[in-house]
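What follows is a set of notes on a single structure, which appears directly below.
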Number of protein chains: 4
Amino acid sequence: MKRKKPWGGRFGAETHGQVEAFTASIHFDLRLAPHDITGSIAHARMLGKCGILSRAEVEAIVTGLGEIREEIARGEFRTDPALEDIHMHIERRLTEKIGQAGGKLHTGRSRNDQVALDLRLYLREAIGQIRDRIRTLQAALVAKAEVHLGTVMPGYTHLQRAQPILLAHHLLAYFEMFQRDRERLADCLARVNVLPLGAGALAGTTLPIDRAYAARLLNFPKIAANSEDAVADRDFAVEFLACGAILAMHISRLAEELVLWATAEFGFIELPDAFATGSSMMPQKKNPDVAELARGKAGRVYGALLALLTVLKGLPLSYNRDLQEDKEPVFEAVDTIQQTLDVLSPMLGAIKFHTERMRSAAADGFLNATDLAEYLVTKGVPFREAHETVGRIVRECLESRQRLEDVPLPRLRHFSRAFEADVLKYIRLEACVERRRSAGGTNSRLVGEAIRRAKRALRLP
Amino acid sequence: MKRKKPWGGRFGAETHGQVEAFTASIHFDLRLAPHDITGSIAHARMLGKCGILSRAEVEAIVTGLGEIREEIARGEFRTDPALEDIHMHIERRLTEKIGQAGGKLHTGRSRNDQVALDLRLYLREAIGQIRDRIRTLQAALVAKAEVHLGTVMPGYTHLQRAQPILLAHHLLAYFEMFQRDRERLADCLARVNVLPLGAGALAGTTLPIDRAYAARLLNFPKIAANSEDAVADRDFAVEFLACGAILAMHISRLAEELVLWATAEFGFIELPDAFATGSSMMPQKKNPDVAELARGKAGRVYGALLALLTVLKGLPLSYNRDLQEDKEPVFEAVDTIQQTLDVLSPMLGAIKFHTERMRSAAADGFLNATDLAEYLVTKGVPFREAHETVGRIVRECLESRQRLEDVPLPRLRHFSRAFEADVLKYIRLEACVERRRSAGGTNSRLVGEAIRRAKRALRLP
Amino acid sequence: MKRKKPWGGRFGAETHGQVEAFTASIHFDLRLAPHDITGSIAHARMLGKCGILSRAEVEAIVTGLGEIREEIARGEFRTDPALEDIHMHIERRLTEKIGQAGGKLHTGRSRNDQVALDLRLYLREAIGQIRDRIRTLQAALVAKAEVHLGTVMPGYTHLQRAQPILLAHHLLAYFEMFQRDRERLADCLARVNVLPLGAGALAGTTLPIDRAYAARLLNFPKIAANSEDAVADRDFAVEFLACGAILAMHISRLAEELVLWATAEFGFIELPDAFATGSSMMPQKKNPDVAELARGKAGRVYGALLALLTVLKGLPLSYNRDLQEDKEPVFEAVDTIQQTLDVLSPMLGAIKFHTERMRSAAADGFLNATDLAEYLVTKGVPFREAHETVGRIVRECLESRQRLEDVPLPRLRHFSRAFEADVLKYIRLEACVERRRSAGGTNSRLVGEAIRRAKRALRLP
Amino acid sequence: MKRKKPWGGRFGAETHGQVEAFTASIHFDLRLAPHDITGSIAHARMLGKCGILSRAEVEAIVTGLGEIREEIARGEFRTDPALEDIHMHIERRLTEKIGQAGGKLHTGRSRNDQVALDLRLYLREAIGQIRDRIRTLQAALVAKAEVHLGTVMPGYTHLQRAQPILLAHHLLAYFEMFQRDRERLADCLARVNVLPLGAGALAGTTLPIDRAYAARLLNFPKIAANSEDAVADRDFAVEFLACGAILAMHISRLAEELVLWATAEFGFIELPDAFATGSSMMPQKKNPDVAELARGKAGRVYGALLALLTVLKGLPLSYNRDLQEDKEPVFEAVDTIQQTLDVLSPMLGAIKFHTERMRSAAADGFLNATDLAEYLVTKGVPFREAHETVGRIVRECLESRQRLEDVPLPRLRHFSRAFEADVLKYIRLEACVERRRSAGGTNSRLVGEAIRRAKRALRLP
């Protein structure tokens with residue numbers, strides 16, 4: 001026997017089986033259950049406070065919902081596509097449990113405001129969890145930075161060696177990116193944290209409800225100011241997905257570097273065996289699969305962002321069923337991001353840096369050429385001229401396979417009379433690193449301070 | 001106890017649990033199992049033919065794989081994230097069943113060429129199924145067109161009533177779109193239908209295999225010509241997703257029209273109760289949820305396309321683990337498209353068209369204004385001048401709330417001396433429809449022929 | 001003769017012509033010129049303050065740059081692809097003007113931090129302009145809402161008439177969306193407003209510069225904390241594009257409604273002739289082209305967002321030339337959004353609402369069915385039962401072509417004994433609107449307050 | 001004075017200036033002019049053949065259009081936003097030139113079918129040009145492959161050295177990708193090559209036109225079968241953009257490898273100075289900007305694809321002004337792709353490969369481990385066991401810093417009794433390459449044949 005729909009009164013025929021299968025959302029919105037129950041409890045208490053439900057009814061509802069929450073947690077809750085969505089499932093079960101009072105829970109609300117509430121509650125929790133996980137990853141970066149405050153490596157532009165930097169400085173660049181991600185998510189949270197409940201189907205309700213009270217119970221600082229907007233708005237989900245896409249992009253950049261660094265050619269890191277995988281065909285292989293997958297996951301999050309933007313494009317007000325397509329992109333992005341962060345942090349902690357190899361890469365490739373030019377500037381040569389001069393010296397060195405520090409002073413003076421005896425000391429690797437003491441630069445004292453600032457921001461000891 | 005990896009020899013430590021969870025694909029690639037088995041059977045037979053496996057080994061493998069296929073079909077196959085993917089699961093189970101010979105199945109291949117094969121086999125089947133479902137939808141469109149060869153409705157541009165057309169003509173516009181989708185998928189199939197097996201990990205294999213024989217067994221007309229390309233190529237999946245995105249876009253256009261037509265304002269169609277849903281709050285509501293969801297599903301398919309394009313952007317050769325991110329977008333697009341087509345076809349068949357309402361909409365709004373202008377052209381007036389003249393007549397009619405056919409001839413002649421007594425008959429609704437007998441036009445004989453052509457293309461009686 | 005490159009010293013051959021054409025950005029980054037000059041003036045003054053440039057040099061530079069600004073404004077500035085980008089163009093021109101001091105301007109900076117600065121300055125200005133334009137559109141919405149505080153229209157869900165609402169309430173839903181857009185852009189601005197200058201090529205500079213001073217001159221509240229991040233970071237641009245995509249999505253929703261409302265079928269609005277266009281073929285046509293284009297523009301902004309996300313995916317640190325692909329998507333999104341807002345606001349102001357038609361649409365279609373059910377709830381009937389009862393009454397009315405208010409009380413009581421004589425008054429259209437006085441509802445007093453709140457938020461009198 | 005609109009008759013007020021600016025397309029569709037003229041000439045000749053225009057009118061029109069074509073080519077054609085689009089510009093100019101006959105050109109067509117025709121003509125030409133350019137790039141790849149048939153390099157999976165391959169084999173993997181691109185574009189062309197002209201505004205025309213004749217004149221093998229579809233369809237443009245996105249993705253993969261290979265770490269290639277650029281700050285830098293930009297351009301093409309898909313999502317039939325947003329994404333993708341191919345081909349030809357460095361990279365890193373395992377297979381060891389054995393040997397070698405070929409036979413036999421004296425010869429680098437003679441493998445004879453096949457496919461001598 002088919003179950004009765006909550007909207008069956010007006011209908012003369014049963015829903016086509018294919019339609020039930022197509023429109024049902026229970027297979028993915030079951031995960032909203034805890035939030036649906038939280039929202040319903042607050043709604044019931046609010047209805048009680050406003051005298052719409054009796055005290056006894058409220059208690060029956062709250063107790064019943066609590067039990068259902070347990071059933072779900074224990075995996076004992078059975079679902080049925082004919083019941084469409086999580087809201088109907090819970091209400092039906094509640095009515096089985098407590099009888100007619102269960103049918104009163106939906107008083108003064110619609111699934112339109114209810115599902116918007118559920119998604120906001122879910123996303124609020126998910127954002128909190130993601131921010132925590134970002135923090136863990138940042139802490140792993142900072143811990144590595146502390147260890148490698150003295151490690152010199154090549155800084156790259158265009159993936160060409162550019163200037164020597166500290167590995168700690170490089171790692172902190174990622175700290176900054178992830179810090180922005182946390183800020184962005186916090187800003188997003190302010191727009192997630194708005195109560196839609198009480199908007200009804202689209203126009204508000206005729207019952208004397210108290211939305212502010214419900215907001216307090218659910219810890220929402222704001223209530224949605226317009227009922228139509230409240231049920232039609234999925235901006236908060238798009239904004240979350242945009243934050244997620246930027247975060248996934250950052251992860252893809254870090255992952256790309258780990259893949260590069262783990263190559264035989266760079267040889268900057270060694271992945272511990274526990275964080276690498278092998279080949280079913282090639283016995284020697286040790287592959288950075290985790291970093292590769294982490295890089296690839298950006299696709300999934302970008303796709304989720306675009307999917308929801310597409311759904312919303314050109315939708316008239318207020319609620320349209322297209323909006324049901326909001327949840328899976330959000331879930332997929334949340335899961336992807338959480339899983340990726342969960343594996344990146346311990347992996348980062350376990351990576352072994354080949355510091356000698358990094359240092360020797362920094363020593364090779366004229367990374368002190370800028371310093372040589374800036375040396376000339378300190379002697380009064382205009383920068384453009386100094387640049388040109390050093391460029392020509394580099395060209396000669398390339399042909400003679402020399403380093404800059406190997407060019408004898410007389411030969412240097414052949415290029416510019418401004419060179420003096422102090423030049424050699426000036427272009428030593430450590431000198432080059434240390435001299436970059438403009439704010440935000442790679443000088444070790446500055447980087448040390450940056451580490452301390454980072455730890456404060458993360459509330460680390 | 002942890003299970004041994006197929007690549008464990010070189011490794012000194014076990015894989016981190018988080019890494020297993022992160023890199024495992026068994027939760028989604030289990031659905032490749034039938035294709036993996038099909039591919040393995042062909043591979044085993046080919047190895048047998050080439051003398052690499054003995055006849056007895058081949059038979060043991062083929063029998064064992066057949067049994068595993070049954071186990072999976074019966075839902076008795078147990079999975080374990082530590083075994084990573086479907087390939088390892090099947091091989092492990094095979095070895096449990098038939099002993100050492102199972103370990104020989106992977107001879108001369110790598111998971112890199114194996115997984116590419118599996119995805120191609122899967123997609124070949126999925127494309128076939130999707131093309132069949134499109135055909136079913138086209139048949140539903142044509143059936144409705146046959147019934148409504150005499151139904152006049154307004155044709156729209158800019159969603160403004162433009163010229164009268166036949167409903168059949170309108171429905172056949174969608175037939176054309178879906179026909180292109182089927183053609184496009186057929187073209188894509190030619191690029192799916194290329195055998196990667198034998199590419200090994202990336203460079204081919206040292207064993208004397210016979211790829212052409214494997215291709216014949218698996219019914220592939222072509223073998224991949226370059227081993228590196230064979231394992232790195234996912235073009236065929238992107239191309240499928242692009243075809244799917246265009247198809248989903250077509251569906252969204254059709255769905256938008258169904259949503260519009262079901263409004264009280266248009267009132268062109270009535271959805272049967274079995275294909276509509278109601279509101280949990282508003283008792284009078286009957287909503288076109290299926291069409292709305294079908295419209296929204298475009299987001300998901302667009303997202304899948306973008307996801308895979310993102311994954312592939314900037315990937316060096318040959319196989320990279322990022323490529324594991326190819327399967328879920330493909331599965332999601334396939335499922336979405338199939339489910340949507342499955343529900344659209346019966347719904348379309350069940351829709352009731354309010355033909356009187358359509359006709360009266362076509363009679364209102366000066367849809368014969370173009371014909372009035374073209375009438376003047378037949379009398380020798382240059383088109384631009386005729387257009388201008390009729391525009392002025394329309395303006396006057398708007399003010400006087402008249403139809404064009406209500407304007408007396410003397411008044412018409414006030415605008416242009418070219419108007420004569422035959423004008424009224426010229427601008428009758430049916431005359432306007434019938435007169436559009438340029439090829440591809442809405443004239444009923446032409447549309448009748450188009451229906452017959454469509455039926456032939458669909459091999460309908 | 002080829003112009004000399006600013007980096008030519010090391011190079012032995014001239015740049016290939018095709019390479020110049022391919023890598024040049026001057027054809028699109030010329031519009032950064034005012035910002036480049038602003039940034040350079042601040043940089044020069046800062047170098048002066050730090051004693052790196054003499055007072056005379058600073059004055060020469062500042063004067064020269066001011067003159068160049070004028071030349072550009074007058075359209076007298078000539079560009080040359082061989083000079084690559086706007087930075088080189090300006091520096092070259094400066095050197096022509098003031099001689100050797102011009103060559104010193106680039107001291108202590110790189111094009112990497114310079115271009116990041118330019119884009120941030122540009123975007124700061126653009127965000128300000130966009131926020132102003134949004135405000136103008138909001139003001140147009142609020143002005144219309146004030147006029148139409150008494151206009152009743154159907155509220156829709158699933159594009160089916162759902163409950164009666166005030167047109168003012170509906171318009172304010174858009175006010176809310178655009179309000180969030182402004183907030184989101186303000187949040188984004190905090191991340192745009194960070195000074196990258198002083199990061200040098202990637203590692204900071206060896207010169208004793210004062211970044212905080214430059215930040216003050218340029219009115220940046222923050223300086224980028226890590227030099228590598230400073231030159232590699234384009235998050236602020238992606239975030240802006242994400243804000244723009246959400247804004248464009250809002251516009252597409254509003255535009256969709258305008259297109260719908262302008263149809264003959266809805267007939268809710270009349271576009272003034274000045275804001276509509278006609279057909280070159282059909283003399284009667286009056287098309288809502290502006291709304292259609294505004295709806296379609298979402299594609300462009302979504303595309304720009306995706307383009308930049310794709311560029312950044314998997315990019316290693318620090319600066320890579322791929323980043324040059326950041327500007328055109330940003331410019332395109334800014335232009336698209338500004339032009340669209342510029343035309344929407346006056347159009348909205350000029351739209352004529354057919355209020356009688358709206359009202360009669362609201363009176364037709366059982367939009368008071370929810371109220372009838374809530375009436376029963378006030379009489380103690382559980383909501384689910386009331387909903388079912390009213391659903392059955394609606395079904396009967398559909399068959400008998402009656403409105404709910406036409407059903408005699410005895411017949412109502414046949415469905416439920418809870419109906420009493422007060423029911424008729426309860427379900428009158430205005431009563432239904434007014435009764436929705438839950439916060440955020442469509443009750444006219446609440447909407448009036450919402451208008452006042454909106455005006456305060458817009459600082460309107 | 002404002003110019004008169006071609007649709008002004010019905011309108012009582014002039015178009016708002018902002019509306020003209022917003023809706024005008026002349027600033028980008030001017031580039032359609034040659035195609036618009038080609039289409040108009042064919043249309044005029046067809047009208048002449050059908051007796052709708054006189055022979056004299058046709059001749060006047062054809063001559064006039066020819067002159068306009070010249071004016072445009074000479075840059076003497078003036079545009080005006082008030083004239084909206086290229087079609088109106090040309091028609092207005094024609095009427096200036098030949099008088100009233102010019103006004104007859106638009107007989108029997110609408111801008112809706114006209115613009116669809118123009119875009120198809122444009123795209124047909126662009127696809128031809130792109131296919132030629134791809135061929136040029138393929139020829140550059142094949143030329144390099146011929147030179148490097150003897151160059152051994154490491155083949156990579158997971159960017160870890162995997163097995164030795166020939167550089168020629170690697171280059172041919174890209175040949176295959178681009179070959180698919182050409183095939184895909186050819187398939188797309190079949191759907192571009194369909195004549196929309198004659199569909200009128202949406203329903204066909206009442207005039208006795210001959211679409212088949214126009215198709216012959218314009219060299220279209222097919223005419224659009226349904227007039228509504230003909231004006232609403234932009235599939236061909238989306239399909240082109242999808243082909244373009246896959247092509248851009250291939251380019252991004254090749255570019256990524258060039259960037260990697262140009263690093264100091266890989267050192268596999270040297271970019272000629274003419275194809276590299278320097279740094280304005282760091283005198284030693286030589287950057288692979290062309291490859292970086294080529295990689296980044298994928299973003300732009302992906303964005304264009306997504307933009308058009310978004311525009312089309314949920315659009316009802318038939319023509320809507322949103323469709324005007326089709327052209328700029330197409331133009332942008334065409335330009336981007338053509339410019340990128342134009343610079344890549346000569347750059348590829350000019351690249352110097354450091355073959356010694358490639359070879360020594362291939363000799364280092366156990367790239368013969370698979371062969372060692374396959375050696376054991378030839379001795380009867382099951383593959384899984386052989387893999388495990390070699391894995392353990394590799395582990396020992398890693399610790400003792402040995403190559404596989406350095407392990408003495410007795411030690412090998414300690415791991416497996418199957419090792420015999422012939423093993424050393426078996427795992428020599430060249431032997432490993434040559435032994436991969438399965439079809440599509442890296443064996444030099446096979447690669448030589450592949451080169452010959454490629455040259456035949458490109459019709460090279």
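In the structure tokens, chains take the letters A, B, ... in the order shown, each chain's residues start at 1, and ligands count up from 1 in the order shown.
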Contacts of Leu306 in chain D at 7 Å or less, counting only C-alpha atoms, minus same-chain residues fewer than 4 places along, as JSON, numbers by chain?
{"C": [303], "D": [302, 310]}
Let's have the selection written as an mmCIF file, in the first residue's frame, with all heavy atoms.
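Result saved to selection.cif:
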data_model
loop_
_atom_site.group_PDB
_atom_site.id
_atom_site.type_symbol
_atom_site.label_atom_id
_atom_site.label_comp_id
_atom_site.auth_asym_id
_atom_site.auth_seq_id
_atom_site.Cartn_x
_atom_site.Cartn_y
_atom_site.Cartn_z
ATOM 1 N N GLY C 303 31.436 32.667 -16.266
ATOM 2 C CA GLY C 303 32.584 32.251 -17.069
ATOM 3 C C GLY C 303 33.869 32.894 -16.583
ATOM 4 O O GLY C 303 34.921 32.250 -16.523
ATOM 5 N N TYR D 302 37.747 27.469 -21.097
ATOM 6 C CA TYR D 302 36.774 26.822 -20.213
ATOM 7 C C TYR D 302 35.673 27.838 -19.855
ATOM 8 O O TYR D 302 34.490 27.517 -19.839
ATOM 9 C CB TYR D 302 37.412 26.368 -18.899
ATOM 10 C CG TYR D 302 38.338 25.182 -18.947
ATOM 11 C CD1 TYR D 302 38.824 24.653 -20.137
ATOM 12 C CD2 TYR D 302 38.744 24.565 -17.763
ATOM 13 C CE1 TYR D 302 39.686 23.567 -20.140
ATOM 14 C CE2 TYR D 302 39.597 23.468 -17.756
ATOM 15 C CZ TYR D 302 40.080 22.986 -18.943
ATOM 16 O OH TYR D 302 40.936 21.911 -18.933
ATOM 17 N N THR D 310 25.677 28.450 -19.685
ATOM 18 C CA THR D 310 24.847 29.157 -18.708
ATOM 19 C C THR D 310 23.773 29.976 -19.396
ATOM 20 O O THR D 310 22.612 29.995 -18.979
ATOM 21 C CB THR D 310 25.728 30.082 -17.837
ATOM 22 O OG1 THR D 310 26.723 29.291 -17.183
ATOM 23 C CG2 THR D 310 24.896 30.817 -16.803
#
Who sits within 6 Å of range 182-192 of chain C, only C-alpha atoms, same chain under 2 positions skipped, as a PDB file with N, CA and C atoms, in the first residue's frame:
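Final output, part_39.pdb:
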ATOM      1  N   ARG C 120      44.844  45.584  -7.420  1.00  0.00           N
ATOM      2  CA  ARG C 120      44.127  45.856  -6.169  1.00  0.00           C
ATOM      3  C   ARG C 120      43.563  47.277  -6.157  1.00  0.00           C
ATOM      4  N   ARG C 131      29.265  48.988  -5.795  1.00  0.00           N
ATOM      5  CA  ARG C 131      28.408  49.123  -4.613  1.00  0.00           C
ATOM      6  C   ARG C 131      27.486  50.340  -4.745  1.00  0.00           C
ATOM      7  N   GLN C 179      21.231  43.781  -0.980  1.00  0.00           N
ATOM      8  CA  GLN C 179      21.881  44.207   0.259  1.00  0.00           C
ATOM      9  C   GLN C 179      23.003  43.219   0.623  1.00  0.00           C
ATOM     10  N   ARG C 180      22.702  41.960   0.497  1.00  0.00           N
ATOM     11  CA  ARG C 180      23.754  40.963   0.764  1.00  0.00           C
ATOM     12  C   ARG C 180      24.918  41.124  -0.206  1.00  0.00           C
ATOM     13  N   VAL C 194      44.912  45.244   0.773  1.00  0.00           N
ATOM     14  CA  VAL C 194      46.152  44.803   1.415  1.00  0.00           C
ATOM     15  C   VAL C 194      47.298  45.140   0.468  1.00  0.00           C
ATOM     16  N   PHE C 236      41.855  37.621  -3.951  1.00  0.00           N
ATOM     17  CA  PHE C 236      40.967  38.783  -3.879  1.00  0.00           C
ATOM     18  C   PHE C 236      40.198  38.943  -5.187  1.00  0.00           C
TER      19      PHE C 236
END
Considering only C-alpha atoms, extract the chain A residues located within 7 Å of chain D and return them as a list in words.
His158, Leu159, Gln160, Ala162, Thr263, Ala264, Glu265, Phe266, Met281, Met282, Pro283, Gln284, Lys285, Asn287, Pro288, Thr310, Phe366, Ala369, Thr370, His387, Glu388, Val390, Gly391 and Val394 of chain A
Can I get the selection written as an mmCIF file, in the first residue's frame, with N, CA and C atoms?
data_model
loop_
_atom_site.group_PDB
_atom_site.id
_atom_site.type_symbol
_atom_site.label_atom_id
_atom_site.label_comp_id
_atom_site.auth_asym_id
_atom_site.auth_seq_id
_atom_site.Cartn_x
_atom_site.Cartn_y
_atom_site.Cartn_z
ATOM 1 N N HIS A 158 58.001 31.745 -12.160
ATOM 2 C CA HIS A 158 57.946 31.038 -13.438
ATOM 3 C C HIS A 158 58.558 29.642 -13.330
ATOM 4 N N LEU A 159 58.577 29.104 -12.137
ATOM 5 C CA LEU A 159 59.227 27.828 -11.820
ATOM 6 C C LEU A 159 60.723 27.838 -12.157
ATOM 7 N N GLN A 160 61.262 28.995 -12.347
ATOM 8 C CA GLN A 160 62.700 29.177 -12.486
ATOM 9 C C GLN A 160 63.232 29.707 -11.161
ATOM 10 N N ALA A 162 64.794 31.865 -8.564
ATOM 11 C CA ALA A 162 64.761 33.321 -8.635
ATOM 12 C C ALA A 162 65.656 33.965 -7.576
ATOM 13 N N THR A 263 59.610 14.733 -6.869
ATOM 14 C CA THR A 263 60.214 14.131 -8.058
ATOM 15 C C THR A 263 61.687 13.864 -7.818
ATOM 16 N N ALA A 264 62.207 12.933 -8.603
ATOM 17 C CA ALA A 264 63.649 12.688 -8.567
ATOM 18 C C ALA A 264 64.398 13.963 -8.945
ATOM 19 N N GLU A 265 63.810 14.777 -9.815
ATOM 20 C CA GLU A 265 64.491 15.956 -10.335
ATOM 21 C C GLU A 265 64.640 17.032 -9.263
ATOM 22 N N PHE A 266 63.586 17.308 -8.543
ATOM 23 C CA PHE A 266 63.702 18.278 -7.454
ATOM 24 C C PHE A 266 64.347 17.590 -6.247
ATOM 25 N N MET A 281 52.407 -2.461 -11.255
ATOM 26 C CA MET A 281 53.248 -2.992 -12.325
ATOM 27 C C MET A 281 54.727 -2.722 -12.090
ATOM 28 N N MET A 282 55.055 -1.502 -11.622
ATOM 29 C CA MET A 282 56.461 -1.096 -11.535
ATOM 30 C C MET A 282 56.938 -1.181 -10.091
ATOM 31 N N PRO A 283 57.798 -2.147 -9.794
ATOM 32 C CA PRO A 283 58.151 -2.428 -8.398
ATOM 33 C C PRO A 283 58.884 -1.274 -7.698
ATOM 34 N N GLN A 284 59.535 -0.383 -8.466
ATOM 35 C CA GLN A 284 60.338 0.649 -7.812
ATOM 36 C C GLN A 284 59.522 1.869 -7.418
ATOM 37 N N LYS A 285 58.275 1.956 -7.878
ATOM 38 C CA LYS A 285 57.548 3.219 -7.756
ATOM 39 C C LYS A 285 57.110 3.538 -6.324
ATOM 40 N N ASN A 287 54.758 6.662 -5.127
ATOM 41 C CA ASN A 287 54.018 7.753 -5.750
ATOM 42 C C ASN A 287 53.343 8.669 -4.737
ATOM 43 N N PRO A 288 53.303 9.948 -5.051
ATOM 44 C CA PRO A 288 52.679 10.905 -4.129
ATOM 45 C C PRO A 288 51.167 10.998 -4.380
ATOM 46 N N THR A 310 24.519 27.464 -11.613
ATOM 47 C CA THR A 310 23.686 27.159 -12.776
ATOM 48 C C THR A 310 22.233 26.942 -12.363
ATOM 49 N N PHE A 366 72.572 31.411 -10.125
ATOM 50 C CA PHE A 366 72.627 32.887 -10.101
ATOM 51 C C PHE A 366 71.494 33.509 -9.296
ATOM 52 N N ALA A 369 71.836 37.112 -8.326
ATOM 53 C CA ALA A 369 72.033 38.137 -9.363
ATOM 54 C C ALA A 369 71.316 39.443 -9.001
ATOM 55 N N THR A 370 70.128 39.325 -8.431
ATOM 56 C CA THR A 370 69.416 40.535 -8.035
ATOM 57 C C THR A 370 70.230 41.308 -7.002
ATOM 58 N N HIS A 387 70.796 46.386 -13.581
ATOM 59 C CA HIS A 387 70.148 45.161 -14.060
ATOM 60 C C HIS A 387 70.785 44.711 -15.379
ATOM 61 N N GLU A 388 70.927 45.646 -16.265
ATOM 62 C CA GLU A 388 71.510 45.363 -17.575
ATOM 63 C C GLU A 388 72.946 44.831 -17.424
ATOM 64 N N VAL A 390 74.412 43.375 -14.802
ATOM 65 C CA VAL A 390 74.467 42.035 -14.213
ATOM 66 C C VAL A 390 73.969 40.997 -15.212
ATOM 67 N N GLY A 391 72.958 41.376 -15.987
ATOM 68 C CA GLY A 391 72.490 40.455 -17.028
ATOM 69 C C GLY A 391 73.647 40.042 -17.931
ATOM 70 N N VAL A 394 75.926 37.641 -16.127
ATOM 71 C CA VAL A 394 75.325 36.303 -16.089
ATOM 72 C C VAL A 394 75.547 35.588 -17.409
#
Find the residues around Leu141 in chain D up to 8 Å (only C-alpha atoms counted), leave out those fewer than 3 positions away in its own chain, and share them as a list of chain:residue names.
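Returned residues: D:Leu137, D:Gln138, D:Lys144, D:Ala145, D:Leu171, D:Leu172, D:Tyr174, D:Phe175, D:Leu348, D:Gly349.
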Please determine, counting only C-alpha atoms, which residue among B:Ile134, B:Gly299, B:His170, B:Met249 has the shortest atom-to-atom distance to Glu146 in chain B.
B:His170
